[in-house]
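Worksheet for the structure shown next.
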There are 2 protein chains.
Amino acid sequence: MNGLDVRRLEYFVAVAEEQHFGRAAERLHMTQPPLSRAVQQLEDELGVTLLRRTTRRVELTPAGEVLLRDARIALDAVAAAERRTRHAGQPSPSLRIALKADLDAGLLQGILAAFAEEPEACETELVLVSIGEQAQTLRDGRADAAIVPAPYDDRGLDAVPLLSEPTLVAMAASDPLAARDTLRLADLAGHVLPGGRAADQYPANAGDLRPSANTPARHTVADLTEILRLVEIGAIVAFLPLSVTRRYPRPEIAYRAVADLPESEFVLAWPQQATSRAVAAFVRAAENVAAGVGAGGEFLDARR
Amino acid sequence: MNGLDVRRLEYFVAVAEEQHFGRAAERLHMTQPPLSRAVQQLEDELGVTLLRRTTRRVELTPAGEVLLRDARIALDAVAAAERRTRHAGQPSPSLRIALKADLDAGLLQGILAAFAEEPEACETELVLVSIGEQAQTLRDGRADAAIVPAPYDDRGLDAVPLLSEPTLVAMAASDPLAARDTLRLADLAGHVLPGGRAADQYPANAGDLRPSANTPARHTVADLTEILRLVEIGAIVAFLPLSVTRRYPRPEIAYRAVADLPESEFVLAWPQQATSRAVAAFVRAAENVAAGVGAGGEFLDARR
DNA sequence: GCGATTGATACCGTGGGGACATGAATGGCC
DNA sequence: GGCCATTCATGTCCCCACGGTATCAATCGC
């Protein structure tokens, strides 16, 4: 028999992630011996050793690293195929829009209304996800399009820019810096962003709101209210688009302009393989709405 | 048991492509009954009907169309994982560069030399493919990077532009138009490109050299020599980058400038998921070489 | 209406995957 | 340094699932 199969790939990924056959077996709801054998068979079929085993440690070979990365992608693709097919099989499939609540640049209502006018419109469904999950939601087939703040992981996705708006820093009102009207990034030395990165090094490690997989986060945040609560108590500062700050006026939080902070960009993204007319119509609608808002310039003044 | 598996997906794709259980079974080297059952099980697991069966015809439902597209992508990803892992398991894996012979903008030798100077260089291997196959070769794991003429199918790929050079039209020397020094696209009305598209409608349907899956091609060509032979006998005309025409000076072929024909762009592409240092080094080397050549301007004069 | 074509159903045998029991090797610890 | 615990590999058995053969049913063409 030639060719990998999904089950074995899942087994390998579990072992690679746990670095431990026993724990991986537990996670897979099976016992350890058949798991060991399955991974061995995988290695035999490939003619490649994927894992260095000691009785004390399991670690990946270079080839194992390659397979771990590619297997995750392949498993994502399989899961996406399943989800999309299930959804497409429903009587009248809706268009599923993924977004983080309040991170829509204030465009959502307008876009939905414009889309409803399109000749190829269909029902829409909002898929509310955690911060930074929008792209993955598209890749794994849970949504058909997403409004997402840049930067984001665009692998496998197509996108059009929607609009840019000023980025403000949110800090505790009690912070000495809050006395000033306008700051510079360097002033924020010593302050920490959600996820634990240093605020004054932004955007060296891109992704203001995305939880970083590499750096161990002191606070793991998935929601704006969590972020704002931490801001209030002075634990962190956060960079937020103007439209978001407008929705959360809080006495204990000061929003201030930062002169050398890049603008917040919002894009509309969708899976590259998408061919549905509904997605195309939604993209058209969103572009039109964004163009209108951008020309109107409602967001040009930075504070108050 | 939940989750699709590779075997069933292959079965479904075979049936969907053949629109016939018997032929699909033959292609899969099996008999028809277990194939029918496997597809039924797939439908049961998904809770979705994928195929409308009559005893005379098998056709896809909308959900079936979705699964066919996504299953192909998923199967590609699985096959790519297998190929890349096999390759990564070799003692000292080479960097595999895919290109169509002579469609390298004349950069190949320079890039290879520059890459060899890089600190993270490794052995390189050339994967010579048919016209238009470069991108697929990257997606399915047979190569790690590719030199490819734009436009191309960039799904799943990252790329940097290398250089642009004038595009010439190759036509039979006996063609009346060959008497003129410079043409316009409209002059080519009635002439046919490789693949059967009308030359004067370029680039309405993008992809000058890619075989089109939709339009039935009168001539299927995978090689420059085949194209040039058809040009010589006056069957087609072809749009070719200047660097290619320089390599094929033929008395029976006239290369002429076309005023409103866009330049030929070459890009270096690689899989988006690539993380290897060798690929990064190769990209650096290629960018440097291309920048040098572009600045030198060797390709600026269009004819003679 | 009859036959040919084609997909579905019935039934059976074999092979592979999982559980249980056990072996072997390595690293920590006293 | 030897003992023990941890952990991965191996041996064995069992069962399910996949594939093959035989056959049925339905539809289209003549």
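Identifiers in the structure tokens: chain A, B, ... in order shown; residue index from 1 per chain; ligand index from 1 in order shown.
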
Exercise. Considering only C-alpha atoms, extract the chain A residues located within 10 Å of chain B and return them as a ChimeraX atom specification.
Key: /A:3-7,9,43,45-50,61-90,93,141,154-158,271-276

With chain B as the partner and 12 Å as the cut-off, tabulate the residues of chain D that qualify, each row holding the nearest pair of atoms and their distance in Å to one decimal, using only C-alpha atoms (C1' of nucleotides), sorted by chain and rising number, as CSV.
residue,atom,partner,partner_atom,distance
D:DA17,C1',B:Ala38,CA,10.9
D:DC18,C1',B:Pro34,CA,7.6
D:DG19,C1',B:Pro34,CA,6.3
D:DG20,C1',B:Thr31,CA,7.4
D:DT21,C1',B:Thr31,CA,9.9
D:DA22,C1',B:Pro33,CA,11.2
D:DT23,C1',B:Pro33,CA,11.6
D:DA25,C1',B:Thr55,CA,10.0
D:DA26,C1',B:Thr55,CA,6.8
D:DT27,C1',B:Thr55,CA,5.7
D:DC28,C1',B:Arg56,CA,7.1
D:DG29,C1',B:Arg56,CA,11.1

Quiz item: How far is it from C1' of DC29 in chain C to C1' of DC3 in chain D, in Å with one decimal?
Solution: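 Computing it gives 8.9 Å between the two atoms.
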
Quiz prompt | Shell around range 6-12 of chain D at 12 Å using only C-alpha atoms (C1' of nucleotides), local window under 3 positions removed, as number ranges by chain | solution = A: 19-23, 32-37, 39-40, 51-58; C: 19-28

Self-check item: strand (DSSP E or B) positions in range 56-239 of chain B, given as a ChimeraX atom specification
Solution: /B:58-60,95-99,124-128,145-149,157-165,167-172,182-183,192,198,238-239

Exercise. Record the distance separating CA of Asn288 in chain B and CA of Ser264 in chain B, expressed in Å with one decimal.
Key: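 Computing it gives 19.3 Å between the two atoms.
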
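Taking CA of Glu232 in chain A and CA of Glu252 in chain A as the two end points, the separation is 5.7 Å.
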
Hey, what does DSSP flag as helix (DSSP H, G or I) within range 50-148 of chain A? Can you give it to me as a short mmCIF file (atom, residue, chain, number, x, y, z; two decimals) with N, CA and C atoms, in the first residue's frame?
data_model
loop_
_atom_site.label_atom_id
_atom_site.label_comp_id
_atom_site.auth_asym_id
_atom_site.auth_seq_id
_atom_site.Cartn_x
_atom_site.Cartn_y
_atom_site.Cartn_z
N PRO A 62 15.43 16.03 11.61
CA PRO A 62 15.08 17.08 10.64
C PRO A 62 13.93 16.67 9.74
N ALA A 63 13.97 15.42 9.27
CA ALA A 63 12.85 14.96 8.44
C ALA A 63 11.56 14.96 9.24
N GLY A 64 11.64 14.66 10.53
CA GLY A 64 10.46 14.69 11.36
C GLY A 64 9.89 16.10 11.48
N GLU A 65 10.78 17.08 11.58
CA GLU A 65 10.32 18.48 11.61
C GLU A 65 9.56 18.81 10.34
N VAL A 66 10.11 18.39 9.21
CA VAL A 66 9.45 18.66 7.93
C VAL A 66 8.07 18.01 7.92
N LEU A 67 8.01 16.76 8.33
CA LEU A 67 6.71 16.08 8.28
C LEU A 67 5.73 16.72 9.27
N LEU A 68 6.21 17.13 10.43
CA LEU A 68 5.31 17.74 11.40
C LEU A 68 4.64 18.97 10.79
N ARG A 69 5.45 19.82 10.18
CA ARG A 69 4.91 21.03 9.58
C ARG A 69 3.94 20.69 8.45
N ASP A 70 4.38 19.83 7.53
CA ASP A 70 3.55 19.52 6.37
C ASP A 70 2.34 18.68 6.75
N ALA A 71 2.47 17.84 7.75
CA ALA A 71 1.33 17.02 8.15
C ALA A 71 0.25 17.91 8.75
N ARG A 72 0.65 18.90 9.54
CA ARG A 72 -0.36 19.81 10.09
C ARG A 72 -1.11 20.49 8.96
N ILE A 73 -0.37 20.93 7.95
CA ILE A 73 -1.02 21.60 6.83
C ILE A 73 -1.97 20.64 6.13
N ALA A 74 -1.51 19.42 5.89
CA ALA A 74 -2.35 18.45 5.19
C ALA A 74 -3.58 18.12 6.02
N LEU A 75 -3.41 17.95 7.32
CA LEU A 75 -4.56 17.61 8.16
C LEU A 75 -5.54 18.78 8.20
N ASP A 76 -5.01 19.99 8.23
CA ASP A 76 -5.88 21.15 8.13
C ASP A 76 -6.69 21.10 6.84
N ALA A 77 -6.02 20.77 5.75
CA ALA A 77 -6.70 20.76 4.45
C ALA A 77 -7.80 19.70 4.45
N VAL A 78 -7.51 18.55 5.06
CA VAL A 78 -8.52 17.49 5.10
C VAL A 78 -9.71 17.94 5.96
N ALA A 79 -9.41 18.50 7.12
CA ALA A 79 -10.48 18.97 7.99
C ALA A 79 -11.30 20.06 7.31
N ALA A 80 -10.60 20.92 6.57
CA ALA A 80 -11.31 22.00 5.87
C ALA A 80 -12.22 21.41 4.81
N ALA A 81 -11.73 20.42 4.08
CA ALA A 81 -12.57 19.79 3.06
C ALA A 81 -13.84 19.24 3.70
N GLU A 82 -13.67 18.61 4.85
CA GLU A 82 -14.84 18.04 5.52
C GLU A 82 -15.82 19.13 5.94
N ARG A 83 -15.30 20.16 6.61
CA ARG A 83 -16.21 21.22 7.09
C ARG A 83 -16.90 21.91 5.93
N ARG A 84 -16.15 22.23 4.88
CA ARG A 84 -16.76 22.97 3.77
C ARG A 84 -17.82 22.12 3.08
N THR A 85 -17.52 20.82 2.93
CA THR A 85 -18.49 19.96 2.27
C THR A 85 -19.75 19.83 3.11
N ARG A 86 -19.56 19.63 4.41
CA ARG A 86 -20.73 19.56 5.29
C ARG A 86 -21.58 20.81 5.13
N HIS A 87 -20.91 21.95 5.12
CA HIS A 87 -21.66 23.20 5.04
C HIS A 87 -22.33 23.35 3.68
N ALA A 88 -21.60 22.98 2.63
CA ALA A 88 -22.15 23.11 1.28
C ALA A 88 -23.35 22.18 1.09
N LEU A 108 -18.78 46.45 9.59
CA LEU A 108 -19.57 45.23 9.43
C LEU A 108 -21.00 45.52 8.98
N GLN A 109 -21.68 46.41 9.72
CA GLN A 109 -23.08 46.64 9.36
C GLN A 109 -23.23 47.12 7.93
N GLY A 110 -22.37 48.06 7.56
CA GLY A 110 -22.45 48.59 6.20
C GLY A 110 -22.21 47.51 5.16
N ILE A 111 -21.22 46.67 5.41
CA ILE A 111 -20.90 45.62 4.44
C ILE A 111 -22.06 44.64 4.32
N LEU A 112 -22.61 44.25 5.46
CA LEU A 112 -23.73 43.30 5.41
C LEU A 112 -24.90 43.89 4.64
N ALA A 113 -25.16 45.18 4.88
CA ALA A 113 -26.26 45.81 4.17
C ALA A 113 -25.99 45.85 2.67
N ALA A 114 -24.75 46.22 2.31
CA ALA A 114 -24.41 46.29 0.89
C ALA A 114 -24.47 44.91 0.24
N PHE A 115 -24.01 43.92 0.99
CA PHE A 115 -24.04 42.56 0.44
C PHE A 115 -25.46 42.11 0.18
N ALA A 116 -26.36 42.48 1.07
CA ALA A 116 -27.76 42.06 0.91
C ALA A 116 -28.35 42.60 -0.39
N GLU A 117 -27.78 43.72 -0.87
CA GLU A 117 -28.28 44.30 -2.12
C GLU A 117 -27.74 43.58 -3.34
N GLN A 134 -8.87 34.50 13.13
CA GLN A 134 -9.64 34.66 11.90
C GLN A 134 -9.04 33.86 10.73
N ALA A 135 -7.72 34.01 10.54
CA ALA A 135 -7.09 33.36 9.40
C ALA A 135 -7.23 31.84 9.48
N GLN A 136 -6.97 31.31 10.68
CA GLN A 136 -7.06 29.86 10.84
C GLN A 136 -8.49 29.39 10.59
N THR A 137 -9.46 30.21 10.98
CA THR A 137 -10.85 29.86 10.76
C THR A 137 -11.15 29.72 9.27
N LEU A 138 -10.51 30.54 8.46
CA LEU A 138 -10.69 30.41 7.02
C LEU A 138 -10.01 29.15 6.50
N ARG A 139 -8.79 28.91 7.00
CA ARG A 139 -8.04 27.76 6.50
C ARG A 139 -8.72 26.45 6.85
#

Quiz item: If you count only C-alpha atoms (C1' of nucleotides), which residues fall within 7 Å of Val148 in chain B, apart from same-chain ones fewer than 5 positions away, as a PyMOL selection string?
Solution: chain B and resi 99+134+266-268

Neighbours of Thr182 in chain A within 8 Å (only C-alpha atoms (C1' of nucleotides); same-chain residues fewer than 2 positions away dropped), as a PDB file with all heavy atoms, in the first residue's frame?
ATOM      1  N   ARG A 180       0.460  63.289  28.710  1.00  0.00           N
ATOM      2  CA  ARG A 180       0.867  63.881  27.437  1.00  0.00           C
ATOM      3  C   ARG A 180      -0.164  63.587  26.356  1.00  0.00           C
ATOM      4  O   ARG A 180      -0.856  62.573  26.380  1.00  0.00           O
ATOM      5  CB  ARG A 180       2.236  63.322  27.026  1.00  0.00           C
ATOM      6  CG  ARG A 180       3.319  63.689  28.046  1.00  0.00           C
ATOM      7  CD  ARG A 180       4.583  62.912  27.810  1.00  0.00           C
ATOM      8  NE  ARG A 180       5.040  62.991  26.435  1.00  0.00           N
ATOM      9  CZ  ARG A 180       6.133  62.383  25.986  1.00  0.00           C
ATOM     10  NH1 ARG A 180       6.895  61.680  26.818  1.00  0.00           N
ATOM     11  NH2 ARG A 180       6.484  62.477  24.734  1.00  0.00           N
ATOM     12  N   ARG A 184       5.642  58.952  21.585  1.00  0.00           N
ATOM     13  CA  ARG A 184       6.402  58.237  20.559  1.00  0.00           C
ATOM     14  C   ARG A 184       6.646  56.818  21.085  1.00  0.00           C
ATOM     15  O   ARG A 184       6.575  56.584  22.304  1.00  0.00           O
ATOM     16  CB  ARG A 184       7.752  58.924  20.271  1.00  0.00           C
ATOM     17  CG  ARG A 184       7.665  60.430  20.129  1.00  0.00           C
ATOM     18  CD  ARG A 184       8.851  60.958  19.307  1.00  0.00           C
ATOM     19  NE  ARG A 184       8.437  61.364  17.989  1.00  0.00           N
ATOM     20  CZ  ARG A 184       8.775  60.763  16.841  1.00  0.00           C
ATOM     21  NH1 ARG A 184       9.546  59.692  16.856  1.00  0.00           N
ATOM     22  NH2 ARG A 184       8.356  61.205  15.677  1.00  0.00           N
ATOM     23  N   ARG A 256      -4.175  57.430  23.698  1.00  0.00           N
ATOM     24  CA  ARG A 256      -3.298  58.503  23.255  1.00  0.00           C
ATOM     25  C   ARG A 256      -2.736  58.180  21.878  1.00  0.00           C
ATOM     26  O   ARG A 256      -2.483  57.003  21.550  1.00  0.00           O
ATOM     27  CB  ARG A 256      -2.128  58.674  24.235  1.00  0.00           C
ATOM     28  CG  ARG A 256      -2.529  59.188  25.617  1.00  0.00           C
ATOM     29  CD  ARG A 256      -3.003  60.633  25.532  1.00  0.00           C
ATOM     30  NE  ARG A 256      -3.459  61.127  26.830  1.00  0.00           N
ATOM     31  CZ  ARG A 256      -4.727  61.054  27.255  1.00  0.00           C
ATOM     32  NH1 ARG A 256      -5.655  60.507  26.479  1.00  0.00           N
ATOM     33  NH2 ARG A 256      -5.069  61.546  28.431  1.00  0.00           N
ATOM     34  N   ALA A 257      -2.503  59.202  21.086  1.00  0.00           N
ATOM     35  CA  ALA A 257      -1.866  59.037  19.783  1.00  0.00           C
ATOM     36  C   ALA A 257      -0.386  58.727  19.970  1.00  0.00           C
ATOM     37  O   ALA A 257       0.236  59.170  20.946  1.00  0.00           O
ATOM     38  CB  ALA A 257      -2.035  60.305  18.950  1.00  0.00           C
ATOM     39  N   VAL A 258       0.136  57.936  19.064  1.00  0.00           N
ATOM     40  CA  VAL A 258       1.570  57.639  19.067  1.00  0.00           C
ATOM     41  C   VAL A 258       2.099  58.027  17.694  1.00  0.00           C
ATOM     42  O   VAL A 258       1.684  57.464  16.674  1.00  0.00           O
ATOM     43  CB  VAL A 258       1.853  56.155  19.345  1.00  0.00           C
ATOM     44  CG1 VAL A 258       3.357  55.896  19.347  1.00  0.00           C
ATOM     45  CG2 VAL A 258       1.252  55.743  20.678  1.00  0.00           C
ATOM     46  N   ALA A 259       2.987  58.997  17.681  1.00  0.00           N
ATOM     47  CA  ALA A 259       3.371  59.615  16.415  1.00  0.00           C
ATOM     48  C   ALA A 259       3.947  58.596  15.426  1.00  0.00           C
ATOM     49  O   ALA A 259       3.594  58.599  14.246  1.00  0.00           O
ATOM     50  CB  ALA A 259       4.384  60.733  16.669  1.00  0.00           C
TER      51      ALA A 259
END

Using only C-alpha atoms (C1' of nucleotides), find each residue in chain C having at least one atom no more than 10 Å away from chain B; report its shortest atom-to-atom pair and that distance in Å (one decimal), rows by chain then rising number, as a Markdown table.
| residue | atom | partner | partner_atom | distance |
| --- | --- | --- | --- | --- |
| C:DT5 | C1' | B:Arg56 | CA | 7.8 |
| C:DT6 | C1' | B:Thr55 | CA | 5.1 |
| C:DG7 | C1' | B:Thr55 | CA | 5.9 |
| C:DA8 | C1' | B:Ser36 | CA | 7.8 |
| C:DT9 | C1' | B:Pro33 | CA | 9.0 |

I need the residues from that last selection saved to file as a PDB file, in the first residue's frame (with N, CA and C atoms (P, O5', C5', C4', C3', O3' and C1' of nucleotides)), if you can.
ATOM      1  P    DT C   5     -23.556  -3.722 -23.167  1.00  0.00           P
ATOM      2  O5'  DT C   5     -23.520  -2.428 -22.234  1.00  0.00           O
ATOM      3  C5'  DT C   5     -24.379  -1.325 -22.533  1.00  0.00           C
ATOM      4  C4'  DT C   5     -24.705  -0.568 -21.265  1.00  0.00           C
ATOM      5  C3'  DT C   5     -23.573  -0.501 -20.237  1.00  0.00           C
ATOM      6  O3'  DT C   5     -23.371   0.847 -19.864  1.00  0.00           O
ATOM      7  C1'  DT C   5     -25.570  -1.158 -19.194  1.00  0.00           C
ATOM      8  P    DT C   6     -22.048   1.342 -19.115  1.00  0.00           P
ATOM      9  O5'  DT C   6     -22.576   1.548 -17.623  1.00  0.00           O
ATOM     10  C5'  DT C   6     -23.711   2.361 -17.399  1.00  0.00           C
ATOM     11  C4'  DT C   6     -24.179   2.203 -15.977  1.00  0.00           C
ATOM     12  C3'  DT C   6     -23.050   2.060 -14.945  1.00  0.00           C
ATOM     13  O3'  DT C   6     -23.299   2.907 -13.861  1.00  0.00           O
ATOM     14  C1'  DT C   6     -24.639   0.380 -14.635  1.00  0.00           C
ATOM     15  P    DG C   7     -22.090   3.498 -12.965  1.00  0.00           P
ATOM     16  O5'  DG C   7     -22.741   3.547 -11.522  1.00  0.00           O
ATOM     17  C5'  DG C   7     -23.996   4.173 -11.355  1.00  0.00           C
ATOM     18  C4'  DG C   7     -24.824   3.408 -10.346  1.00  0.00           C
ATOM     19  C3'  DG C   7     -24.128   3.165  -9.005  1.00  0.00           C
ATOM     20  O3'  DG C   7     -24.974   3.606  -7.943  1.00  0.00           O
ATOM     21  C1'  DG C   7     -25.057   1.152  -9.848  1.00  0.00           C
ATOM     22  P    DA C   8     -24.577   3.302  -6.409  1.00  0.00           P
ATOM     23  O5'  DA C   8     -25.474   2.035  -6.056  1.00  0.00           O
ATOM     24  C5'  DA C   8     -26.883   2.146  -6.090  1.00  0.00           C
ATOM     25  C4'  DA C   8     -27.548   0.933  -5.452  1.00  0.00           C
ATOM     26  C3'  DA C   8     -27.091   0.621  -4.027  1.00  0.00           C
ATOM     27  O3'  DA C   8     -28.228   0.223  -3.262  1.00  0.00           O
ATOM     28  C1'  DA C   8     -26.639  -1.233  -5.411  1.00  0.00           C
ATOM     29  P    DT C   9     -28.067  -0.092  -1.717  1.00  0.00           P
ATOM     30  O5'  DT C   9     -27.987  -1.684  -1.662  1.00  0.00           O
ATOM     31  C5'  DT C   9     -29.048  -2.457  -2.205  1.00  0.00           C
ATOM     32  C4'  DT C   9     -28.758  -3.950  -2.039  1.00  0.00           C
ATOM     33  C3'  DT C   9     -28.282  -4.383  -0.657  1.00  0.00           C
ATOM     34  O3'  DT C   9     -29.134  -5.430  -0.203  1.00  0.00           O
ATOM     35  C1'  DT C   9     -26.910  -5.311  -2.321  1.00  0.00           C
TER      36       DT C   9
END

Exercise. Just the residues within 12 Å of Tyr248 in chain A, please, counting only C-alpha atoms (C1' of nucleotides), with nothing from its chain fewer than 3 positions along; format it as an MDAnalysis selection string.
Key: chainID A and resid 102 170 224:225 227:229 232 240:245 251:255
